[in-house]
Amino acid sequence: MKRRIFYLVLTVVVLYSAGPLIWQVLTSLKTDHELTRIPPLLPGSPTLTHYISVFEGRMFFRIMLNSIVVSSSTTVLAIMIGSLCAFGLAKLRVRYKPVILGFILSASMFPPIATVSPLFMMIKAAGLRDTWFALIITYTTFSLPLSVWILTNFFREVPDEIFRAARIDGCTSFQSYAKIILPLSAPGIFATAILVFIFSWNEFLYALTFTSTEDSRTIPVAIALFPGIHEIPWGEIAAASVIVTIPLLVLIFAFQKKIIEGLTAGAVKG
Amino acid sequence: MKNADKGTGFILPALLLLAAVTIYPLIQVINLSFQRRLLIFDVVEFVGLQNYIFLLEDERFRDALKNTAYFTTLSVLSELVLGLAFALLLNRTFFGKGVARAFILVPWAIPTVVSAKMWEWMYNTDFGIFNYLLGTKINWLGDPQWALNAAIFMDVWKTTPFVAIILLAGLQVIPRDLHSAARVDGAGSVSLFLSITLPLLKPVILIVVIFRCLDAFRIFDAVYVLTGGGPANTTETLSIYTYKVLFQTLQFGYGSTLAVAVFLCVGFITVAFIGLIGKRFVHS
């Protein structure tokens with residue numbers, strides 16, 4: 001009996017979490033006629049029209065490409081720069097270590113809106129408006145606090161003895177970083193990478209201000225500014241939403257353990 | 001670690017990037033906040049404290065501050081209660097736990113803009129599922145009575161997973177023997193929760209509340225896409241108001257003053273929380 005109540009509550013929670021997405025999938029499969037009435041809740045004759053018209057939009061592939069390039073470059077850069085810094089903080093001699101760590105963490109508390117106006121002016125002055133680079137450099141910086149924090153926690157768990165032994169064998173600190181810490185902390189690095197990727201894939205404020213055409217516009221901006229000639233094209237918005245959410249669903253169902261590990265590193269241990 | 005090699009070179013790239021993309025713009029925004037700048041007319045002049053004096057009398061700023069405070073308080077409180085309930089549920093052992101956990105993470109992983117569009121459609125007056133299920137005809141996003149609460153409801157759905165996952169991790173480090181010992185002593189589930197689980201979970205709850213308060217206070221994308229700040233500015237948060245002054249009316253001077261104000265508010269919240277936690281850690 002108790003077991004049954006438990007599974008009932010669990011079902012309600014799962015439905016609450018996934019319900020809006022399921023509704024969006026149903027919406028994307030309805031005909032325009034069915035969209036402007038309720039009931040029916042379920043599409044009478046499911047159609048892929050909206051998906052086809054999203055894919056036929058010439059801009060769609062370009063915008064996907066923008067998001068993929070920006071998010072992957074950010075992930076690679078943030079992991080490179082972040083892991084170097086985390087290695088320095090976790091295993092090497094650095095002056096004023098607590099102050100530096102505090103400074104890096106405090107950067108994560110910056111409200112993005114606070115620095116958007118000068119950043120916009122800097123980017124415009126450098127002629128970088130509407131480029132991938134403007135977004136990549138900004139996202140990389142804003143992912144650093146999180147990456148450094150998580151990676152420092154992971155690196156600290158690698159025993160110091162390994163580094164002493166490596167140094168006696170003539171390893172430079174960069175070699176210890178590249179040949180010992182990176183391979184040993186691969187799971188932590190992977191968890192961090194997923195979080196940085198999701199952050200860059202979803203970011204909106206900077207993408208909205210720094211981009212102006214489909215040359216660099218990313219998915220969130222494109223969806224927010226979805227063009228409608230007469231009325232809001234709900235069917236197409238739903239189809240586009242489902243398409244861009246799929247990569248993230250794949251990530252969380254494949255790597256939920258890793259994601260949770262990354263999210264909770266530091267919050268609980270430290 | 002003693003006798004270790006010097007690590008300055010390793011941390012330098014990160015520090016340089018942070019200095020260039022966060023510290024330098026921060027100095028610039030403070031500088032801009034003392035100027036009158038109209039981008040289209042090429043107007044640039046130093047006006048001293050004028051923007052700040054205007055800020056104190058700006059009713060729209062005061063309303064935005066109120067909206068933001070209301071949004072932050074209500075959404076963080078609801079997320080905490082709901083997140084704790086989810087975490088307690090997931091802390092049991094049962095078949096299909098991994099899949100259930102992944103499902104609960106779904107709202108967190110969906111891009112904020114996408115979820116705002118999803119909810120806008122669900123809130124639709126004529127064809128939205130909410131009005132259908134409730135048998136009502138409420139204009140959720142167009143009625144000043146409802147709009148901000150509707151935005152909060154969406155935010156709670158979106159961010160509860162994050163709270164639940166962190167709290168779940170906190171629950172998992174509580175030793176099981178503590179619970180069994182208390183049970184042997186005859187403690188019921190409720191008193192067990194109140195006297196053991198909750199006190200031990202306190203540090204994690206505090207951390208989660210800080211993270212969420214800072215995030216909720218900075219809220220921009222979810223509400224901007226859902227309502228654009230309307231109706232009649234009732235959902236206009238500080239970030240949305242600042243964004244509009246900066247990029248819709250192109251007043252970079254006053255917009256920067258607002259940005260500095262947001263920064264100071266967030267700084268104040270951070271310092272207040274750190275004071276709270278610092279004390280706790282000193283005592284324990």
# chains A, B, ... in the order shown; residues from 1 in each chain; ligands from 1
>>> interface_residues(of="chain B", to="chain A", cutoff="6 Å", atoms="only C-alpha atoms", output="VMD selection string")
chain B and resid 4 to 8 10 to 11 14 18 25 to 26 29 102 104 110 to 111 113 to 114 127 166 170 218 259 263
>>> write_last_selection(atoms="C-alpha atoms", output="PDB file, in the first residue's frame")
ATOM      1  CA  ALA B   4      55.426  22.557  -4.662  1.00  0.00           C
ATOM      2  CA  ASP B   5      56.351  24.314  -7.878  1.00  0.00           C
ATOM      3  CA  LYS B   6      55.225  27.842  -8.561  1.00  0.00           C
ATOM      4  CA  GLY B   7      51.819  27.987 -10.201  1.00  0.00           C
ATOM      5  CA  THR B   8      51.499  31.639 -11.212  1.00  0.00           C
ATOM      6  CA  PHE B  10      48.967  28.358 -14.677  1.00  0.00           C
ATOM      7  CA  ILE B  11      46.453  30.729 -13.182  1.00  0.00           C
ATOM      8  CA  ALA B  14      42.150  32.796 -16.316  1.00  0.00           C
ATOM      9  CA  LEU B  18      38.424  37.679 -15.942  1.00  0.00           C
ATOM     10  CA  PRO B  25      33.803  46.512 -17.880  1.00  0.00           C
ATOM     11  CA  LEU B  26      32.796  46.951 -14.245  1.00  0.00           C
ATOM     12  CA  VAL B  29      30.083  50.843 -16.200  1.00  0.00           C
ATOM     13  CA  ALA B 102      16.711  12.290 -15.348  1.00  0.00           C
ATOM     14  CA  ILE B 104      13.146  15.557 -12.887  1.00  0.00           C
ATOM     15  CA  ILE B 110      15.523  22.988 -21.401  1.00  0.00           C
ATOM     16  CA  PRO B 111      16.837  26.349 -22.661  1.00  0.00           C
ATOM     17  CA  VAL B 113      13.931  30.848 -23.807  1.00  0.00           C
ATOM     18  CA  VAL B 114      12.338  27.631 -25.004  1.00  0.00           C
ATOM     19  CA  PHE B 127      -6.164  27.793 -26.620  1.00  0.00           C
ATOM     20  CA  ILE B 166      21.728  19.786  -4.517  1.00  0.00           C
ATOM     21  CA  GLY B 170      23.110  16.826   0.991  1.00  0.00           C
ATOM     22  CA  ARG B 218      19.220  38.787 -11.764  1.00  0.00           C
ATOM     23  CA  ALA B 259      23.288  48.445 -13.893  1.00  0.00           C
ATOM     24  CA  PHE B 263      25.288  45.179  -9.030  1.00  0.00           C
TER      25      PHE B 263
END
>>> residues_around(residues="B:Thr68", least_positions_apart="2", cutoff="7 Å", atoms="only C-alpha atoms", output="list in words")
Ala64, Leu65, Lys66, Tyr70, Phe71, Thr72, Phe217, Thr237 and Leu238 of chain B
>>> atom_distance(atom1="atom CA of B:Asp155", atom2="atom CA of B:Leu226")
10.7 Å
>>> closest_residue(among="B:Asn233, B:Ser33, B:Thr249, B:Thr159", to="B:Phe54", atoms="only C-alpha atoms")
B:Ser33
>>> closest_residue(among="B:Ala232, B:Leu89, B:Ile205, B:Val184", to="A:Leu8", atoms="only C-alpha atoms")
B:Leu89
>>> residues_around(residues="A:Ser73", least_positions_apart="3", cutoff="10 Å", atoms="only C-alpha atoms", output="list in words")
Ser67, Ile68, Val69, Val70, Val76, Leu77, Ala78, Ile79, Trp132, Phe133, Leu135, Ile136, Ile137, Tyr139, Thr140, Phe197 and Ser200 of chain A
>>> residues_around(residues="B:Phe61", least_positions_apart="2", cutoff="12 Å", atoms="only C-alpha atoms", output="mmCIF file with C-alpha atoms, in the first residue's frame")
data_model
loop_
_atom_site.group_PDB
_atom_site.id
_atom_site.type_symbol
_atom_site.label_atom_id
_atom_site.label_comp_id
_atom_site.auth_asym_id
_atom_site.auth_seq_id
_atom_site.Cartn_x
_atom_site.Cartn_y
_atom_site.Cartn_z
ATOM 1 C CA TYR B 52 21.913 58.770 -9.241
ATOM 2 C CA PHE B 54 17.245 60.718 -10.818
ATOM 3 C CA LEU B 55 17.423 57.046 -9.802
ATOM 4 C CA LEU B 56 16.239 57.836 -6.284
ATOM 5 C CA GLU B 57 13.167 59.564 -7.653
ATOM 6 C CA ASP B 58 12.514 57.093 -10.438
ATOM 7 C CA GLU B 59 9.242 55.340 -9.639
ATOM 8 C CA ASP B 63 8.506 49.290 -8.979
ATOM 9 C CA ALA B 64 11.112 47.129 -10.701
ATOM 10 C CA LEU B 65 12.907 46.683 -7.396
ATOM 11 C CA LYS B 66 9.626 45.666 -5.750
ATOM 12 C CA ASN B 67 8.800 43.236 -8.563
ATOM 13 C CA THR B 68 12.269 41.705 -8.350
ATOM 14 C CA ASN B 233 5.348 47.009 -16.324
ATOM 15 C CA THR B 234 3.960 44.674 -13.644
ATOM 16 C CA GLU B 236 9.379 44.368 -15.176
ATOM 17 C CA THR B 237 12.335 43.165 -13.117
ATOM 18 C CA LEU B 238 15.474 45.236 -12.511
ATOM 19 C CA SER B 239 17.397 43.480 -15.280
ATOM 20 C CA ILE B 240 14.556 43.952 -17.761
ATOM 21 C CA TYR B 241 14.194 47.647 -16.937
ATOM 22 C CA THR B 242 17.955 48.151 -17.245
ATOM 23 C CA LYS B 244 15.212 48.452 -21.941
ATOM 24 C CA VAL B 245 16.871 51.716 -20.901
ATOM 25 C CA TYR B 254 21.336 56.204 -17.034
ATOM 26 C CA GLY B 255 21.180 52.547 -18.065
ATOM 27 C CA THR B 257 23.498 53.767 -13.384
ATOM 28 C CA LEU B 258 20.735 51.172 -13.169
ATOM 29 C CA ALA B 259 23.288 48.445 -13.893
ATOM 30 C CA ALA B 261 22.354 49.638 -8.781
ATOM 31 C CA VAL B 262 21.652 46.005 -9.705
#
>>> select_by_dssp(residues="stretch 16-178 of chain B", states="alpha helix (DSSP H)", output="PyMOL selection string")
chain B and resi 16-18+24-32+50-57+59-90+97-109+112-122+129-134+147-172+176-178
>>> atom_distance(atom1="atom CA of A:Ala193", atom2="atom CA of B:Ala222")
23.9 Å
>>> atom_distance(atom1="atom CA of B:Leu168", atom2="atom CA of A:Leu105")
23.4 Å
>>> select_by_dssp(residues="stretch 28-221 of chain B", states="strand (DSSP E)", output="list in words")
Gln35, Arg36, Arg37, Leu38, Val43, Val44, Glu45 and Phe46 of chain B
>>> write_last_selection(atoms="C-alpha atoms", output="PDB file, in the first residue's frame")
ATOM      1  CA  GLN B  35      27.686  60.396 -17.834  1.00  0.00           C
ATOM      2  CA  ARG B  36      24.844  61.433 -20.045  1.00  0.00           C
ATOM      3  CA  ARG B  37      25.184  59.386 -23.177  1.00  0.00           C
ATOM      4  CA  LEU B  38      22.773  59.260 -26.051  1.00  0.00           C
ATOM      5  CA  VAL B  43      26.050  63.028 -26.874  1.00  0.00           C
ATOM      6  CA  VAL B  44      28.665  62.349 -24.199  1.00  0.00           C
ATOM      7  CA  GLU B  45      28.903  64.545 -21.147  1.00  0.00           C
ATOM      8  CA  PHE B  46      29.888  64.174 -17.535  1.00  0.00           C
TER       9      PHE B  46
END
>>> residues_around(residues="A:Ser45", least_positions_apart="5", cutoff="9 Å", atoms="only C-alpha atoms", output="number ranges by chain")
A: 29-31
>>> decode(residues="stretch 67-93 of chain A", atoms="N, CA and C atoms", output="PDB file, in the first residue's frame")
ATOM      1  N   SER A  67      25.150  28.021 -32.937  1.00  0.00           N
ATOM      2  CA  SER A  67      25.064  27.546 -31.560  1.00  0.00           C
ATOM      3  C   SER A  67      26.069  26.438 -31.298  1.00  0.00           C
ATOM      4  N   ILE A  68      26.216  25.522 -32.275  1.00  0.00           N
ATOM      5  CA  ILE A  68      27.142  24.401 -32.084  1.00  0.00           C
ATOM      6  C   ILE A  68      28.583  24.904 -31.987  1.00  0.00           C
ATOM      7  N   VAL A  69      28.964  25.813 -32.906  1.00  0.00           N
ATOM      8  CA  VAL A  69      30.345  26.319 -32.889  1.00  0.00           C
ATOM      9  C   VAL A  69      30.613  27.095 -31.606  1.00  0.00           C
ATOM     10  N   VAL A  70      29.695  28.002 -31.253  1.00  0.00           N
ATOM     11  CA  VAL A  70      29.912  28.831 -30.069  1.00  0.00           C
ATOM     12  C   VAL A  70      29.989  27.966 -28.813  1.00  0.00           C
ATOM     13  N   SER A  71      29.039  27.034 -28.656  1.00  0.00           N
ATOM     14  CA  SER A  71      29.022  26.229 -27.436  1.00  0.00           C
ATOM     15  C   SER A  71      30.225  25.292 -27.355  1.00  0.00           C
ATOM     16  N   SER A  72      30.606  24.653 -28.473  1.00  0.00           N
ATOM     17  CA  SER A  72      31.743  23.727 -28.369  1.00  0.00           C
ATOM     18  C   SER A  72      33.042  24.490 -28.165  1.00  0.00           C
ATOM     19  N   SER A  73      33.231  25.613 -28.863  1.00  0.00           N
ATOM     20  CA  SER A  73      34.480  26.362 -28.666  1.00  0.00           C
ATOM     21  C   SER A  73      34.579  26.850 -27.229  1.00  0.00           C
ATOM     22  N   THR A  74      33.451  27.354 -26.709  1.00  0.00           N
ATOM     23  CA  THR A  74      33.457  27.819 -25.321  1.00  0.00           C
ATOM     24  C   THR A  74      33.843  26.687 -24.381  1.00  0.00           C
ATOM     25  N   THR A  75      33.254  25.512 -24.608  1.00  0.00           N
ATOM     26  CA  THR A  75      33.524  24.382 -23.728  1.00  0.00           C
ATOM     27  C   THR A  75      35.020  24.041 -23.735  1.00  0.00           C
ATOM     28  N   VAL A  76      35.602  23.938 -24.942  1.00  0.00           N
ATOM     29  CA  VAL A  76      37.016  23.580 -25.050  1.00  0.00           C
ATOM     30  C   VAL A  76      37.890  24.630 -24.366  1.00  0.00           C
ATOM     31  N   LEU A  77      37.623  25.915 -24.671  1.00  0.00           N
ATOM     32  CA  LEU A  77      38.438  26.984 -24.085  1.00  0.00           C
ATOM     33  C   LEU A  77      38.291  27.051 -22.571  1.00  0.00           C
ATOM     34  N   ALA A  78      37.051  26.963 -22.092  1.00  0.00           N
ATOM     35  CA  ALA A  78      36.824  27.085 -20.649  1.00  0.00           C
ATOM     36  C   ALA A  78      37.494  25.932 -19.909  1.00  0.00           C
ATOM     37  N   ILE A  79      37.482  24.732 -20.506  1.00  0.00           N
ATOM     38  CA  ILE A  79      38.117  23.590 -19.853  1.00  0.00           C
ATOM     39  C   ILE A  79      39.636  23.768 -19.866  1.00  0.00           C
ATOM     40  N   MET A  80      40.188  24.240 -20.993  1.00  0.00           N
ATOM     41  CA  MET A  80      41.643  24.430 -21.066  1.00  0.00           C
ATOM     42  C   MET A  80      42.108  25.452 -20.030  1.00  0.00           C
ATOM     43  N   ILE A  81      41.539  26.655 -20.118  1.00  0.00           N
ATOM     44  CA  ILE A  81      41.972  27.736 -19.228  1.00  0.00           C
ATOM     45  C   ILE A  81      41.597  27.431 -17.779  1.00  0.00           C
ATOM     46  N   GLY A  82      40.388  26.889 -17.604  1.00  0.00           N
ATOM     47  CA  GLY A  82      39.910  26.591 -16.257  1.00  0.00           C
ATOM     48  C   GLY A  82      40.718  25.489 -15.586  1.00  0.00           C
ATOM     49  N   SER A  83      41.115  24.447 -16.345  1.00  0.00           N
ATOM     50  CA  SER A  83      41.833  23.339 -15.714  1.00  0.00           C
ATOM     51  C   SER A  83      43.264  23.753 -15.376  1.00  0.00           C
ATOM     52  N   LEU A  84      43.879  24.592 -16.228  1.00  0.00           N
ATOM     53  CA  LEU A  84      45.215  25.106 -15.891  1.00  0.00           C
ATOM     54  C   LEU A  84      45.154  25.850 -14.560  1.00  0.00           C
ATOM     55  N   CYS A  85      44.163  26.740 -14.459  1.00  0.00           N
ATOM     56  CA  CYS A  85      44.023  27.555 -13.254  1.00  0.00           C
ATOM     57  C   CYS A  85      43.723  26.674 -12.046  1.00  0.00           C
ATOM     58  N   ALA A  86      42.818  25.704 -12.229  1.00  0.00           N
ATOM     59  CA  ALA A  86      42.451  24.825 -11.113  1.00  0.00           C
ATOM     60  C   ALA A  86      43.656  24.010 -10.654  1.00  0.00           C
ATOM     61  N   PHE A  87      44.492  23.575 -11.603  1.00  0.00           N
ATOM     62  CA  PHE A  87      45.696  22.820 -11.253  1.00  0.00           C
ATOM     63  C   PHE A  87      46.628  23.691 -10.409  1.00  0.00           C
ATOM     64  N   GLY A  88      46.819  24.931 -10.853  1.00  0.00           N
ATOM     65  CA  GLY A  88      47.656  25.856 -10.094  1.00  0.00           C
ATOM     66  C   GLY A  88      47.139  26.028  -8.673  1.00  0.00           C
ATOM     67  N   LEU A  89      45.821  26.187  -8.563  1.00  0.00           N
ATOM     68  CA  LEU A  89      45.242  26.445  -7.241  1.00  0.00           C
ATOM     69  C   LEU A  89      45.204  25.193  -6.367  1.00  0.00           C
ATOM     70  N   ALA A  90      45.023  24.025  -6.996  1.00  0.00           N
ATOM     71  CA  ALA A  90      44.875  22.811  -6.189  1.00  0.00           C
ATOM     72  C   ALA A  90      46.221  22.215  -5.808  1.00  0.00           C
ATOM     73  N   LYS A  91      47.216  22.332  -6.690  1.00  0.00           N
ATOM     74  CA  LYS A  91      48.436  21.553  -6.468  1.00  0.00           C
ATOM     75  C   LYS A  91      49.734  22.353  -6.457  1.00  0.00           C
ATOM     76  N   LEU A  92      49.712  23.617  -6.839  1.00  0.00           N
ATOM     77  CA  LEU A  92      50.984  24.334  -6.928  1.00  0.00           C
ATOM     78  C   LEU A  92      51.059  25.460  -5.907  1.00  0.00           C
ATOM     79  N   ARG A  93      52.250  26.072  -5.845  1.00  0.00           N
ATOM     80  CA  ARG A  93      52.472  27.144  -4.899  1.00  0.00           C
ATOM     81  C   ARG A  93      52.032  28.459  -5.551  1.00  0.00           C
TER      82      ARG A  93
END
